[in-house]
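The structure appears right after this line, and notes come after that.
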Amino acid sequence: MTDDPAGRGGPRHYTDVFLRAARRAVRDLCERRGGELESLTCEFVSGATDDDVVVAATTVLVFRGRRCVFRRGIWPPGHPAATRAAIYASVLEERLLTRVLPRPGGDSSPVDL
């Protein structure tokens, strides 16, 4: 499968390409920053027509002792899937570094990024 900048392969094809690239990028982020990836998934929400499909990617990971959840729309496409995956990982990293602080006393509530 190649990356289709216009998303002409449809949301499923685009999501497959996105997930492959995003998994590599998020795993690399976790290795560099000391996180632990729990999951990276995509959710399809259908509208009234096939053109109304929306896809959101969700990453759950543990960072600085906190469980973090990051959710972002990936379809309809604004960029090629591999580029969208790189942007996704970059925004995730920025949010982890600026919004996640260890909590004293073992606060285990998840952090929405």
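Every chain in the structure tokens has a letter given in the order shown (A, B, ...), and although residue numbers restart at 1 in each chain, ligands are simply numbered from 1 in the order shown.
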
Legend entry - Spatial neighbours of stretch 77-79 of chain A, max dist 10 Å, only C-alpha atoms, sep filter under 2 positions, as a VMD selection string: chain A and resid 4 to 8 10 to 11 14 to 15 54 to 55 73 to 75 81 to 85 87

Expected file contents, prior selection, C-alpha atoms, as a tab-separated table (two decimals), in the first residue's frame:
```tsv
chain	number	residue	atom	x	y	z
A	4	ASP	CA	-2.51	8.40	-0.96
A	5	PRO	CA	-2.36	12.17	-0.31
A	6	ALA	CA	-5.97	12.72	-1.29
A	7	GLY	CA	-7.32	9.75	0.65
A	8	ARG	CA	-8.75	8.25	-2.56
A	10	GLY	CA	-11.01	5.61	1.37
A	11	PRO	CA	-10.95	5.91	5.13
A	14	TYR	CA	-5.93	5.73	4.88
A	15	THR	CA	-6.34	4.49	8.47
A	54	VAL	CA	-15.08	10.55	10.67
A	55	VAL	CA	-12.10	8.64	12.05
A	73	GLY	CA	-9.27	13.17	14.27
A	74	ILE	CA	-7.42	11.77	11.27
A	75	TRP	CA	-10.20	11.53	8.63
A	81	ALA	CA	-1.47	9.46	6.12
A	82	ALA	CA	2.27	9.17	6.88
A	83	THR	CA	2.52	12.93	7.32
A	84	ARG	CA	-0.58	12.94	9.54
A	85	ALA	CA	1.03	10.18	11.65
A	87	ILE	CA	2.15	15.30	13.10
```

Inset, instruction - Looking only at helix (DSSP H, G or I) from DSSP on the backbone, list the matching residues of stretch 25-73 of chain A as a ChimeraX atom specification. - result: /A:25-33,50-52

Inset, instruction - Would you please work out which residue, of A:Pro110, A:Cys42, A:Tyr88, A:Arg99, is nearest to A:Ala57 when using only C-alpha atoms? - result: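 Comparing A:Pro110, A:Cys42, A:Tyr88, A:Arg99 against A:Ala57, the winner is A:Cys42.
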
Inset, instruction - Extract the full set of strand (DSSP E or B) residues from chain A according to DSSP on the backbone, and format it as number ranges by chain. - result: A: 36-45, 54-63, 66-75, 111-112

Legend entry - Computed interatomic separation between atom CA of A:Arg95 and atom CA of A:Glu31 (Å): 16.4 Å

Legend entry - For A:Glu94, the nearest of the candidates A:Leu113, A:Glu43, A:Arg23, A:Phe18, counting only C-alpha atoms: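 For A:Glu94, the nearest of the candidates is A:Leu113.
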
Legend entry - Length of the atom CA of A:Glu36 to atom CA of A:Ala56 vector [Å]: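 Answer for the atom CA of A:Glu36 to atom CA of A:Ala56 separation: 20.8 Å.
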
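Using only C-alpha atoms, the smallest distance between any of A:Ala86, A:Pro80, A:Val62, A:Ser109 and A:Cys30 comes from A:Val62.
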
Legend entry - Polymer residues at most 12 Å from A:Val26, only C-alpha atoms, same-chain spacing of 5 or more positions, as a ChimeraX atom specification: /A:18-21,31-40,58-61,70,85-93,96

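Nearest-residue note for A:Asp52: choosing from A:Pro76, A:Asp16, A:Leu97, A:Arg24, the minimum distance belongs to A:Pro76, counting only C-alpha atoms.
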
Inset, instruction - Fewer than 4 positions away in the same chain doesn't count, so skip those; otherwise give me all residues within 8 Å of A:Val111, counting only C-alpha atoms, as number ranges by chain. - result: A: 66-69, 100
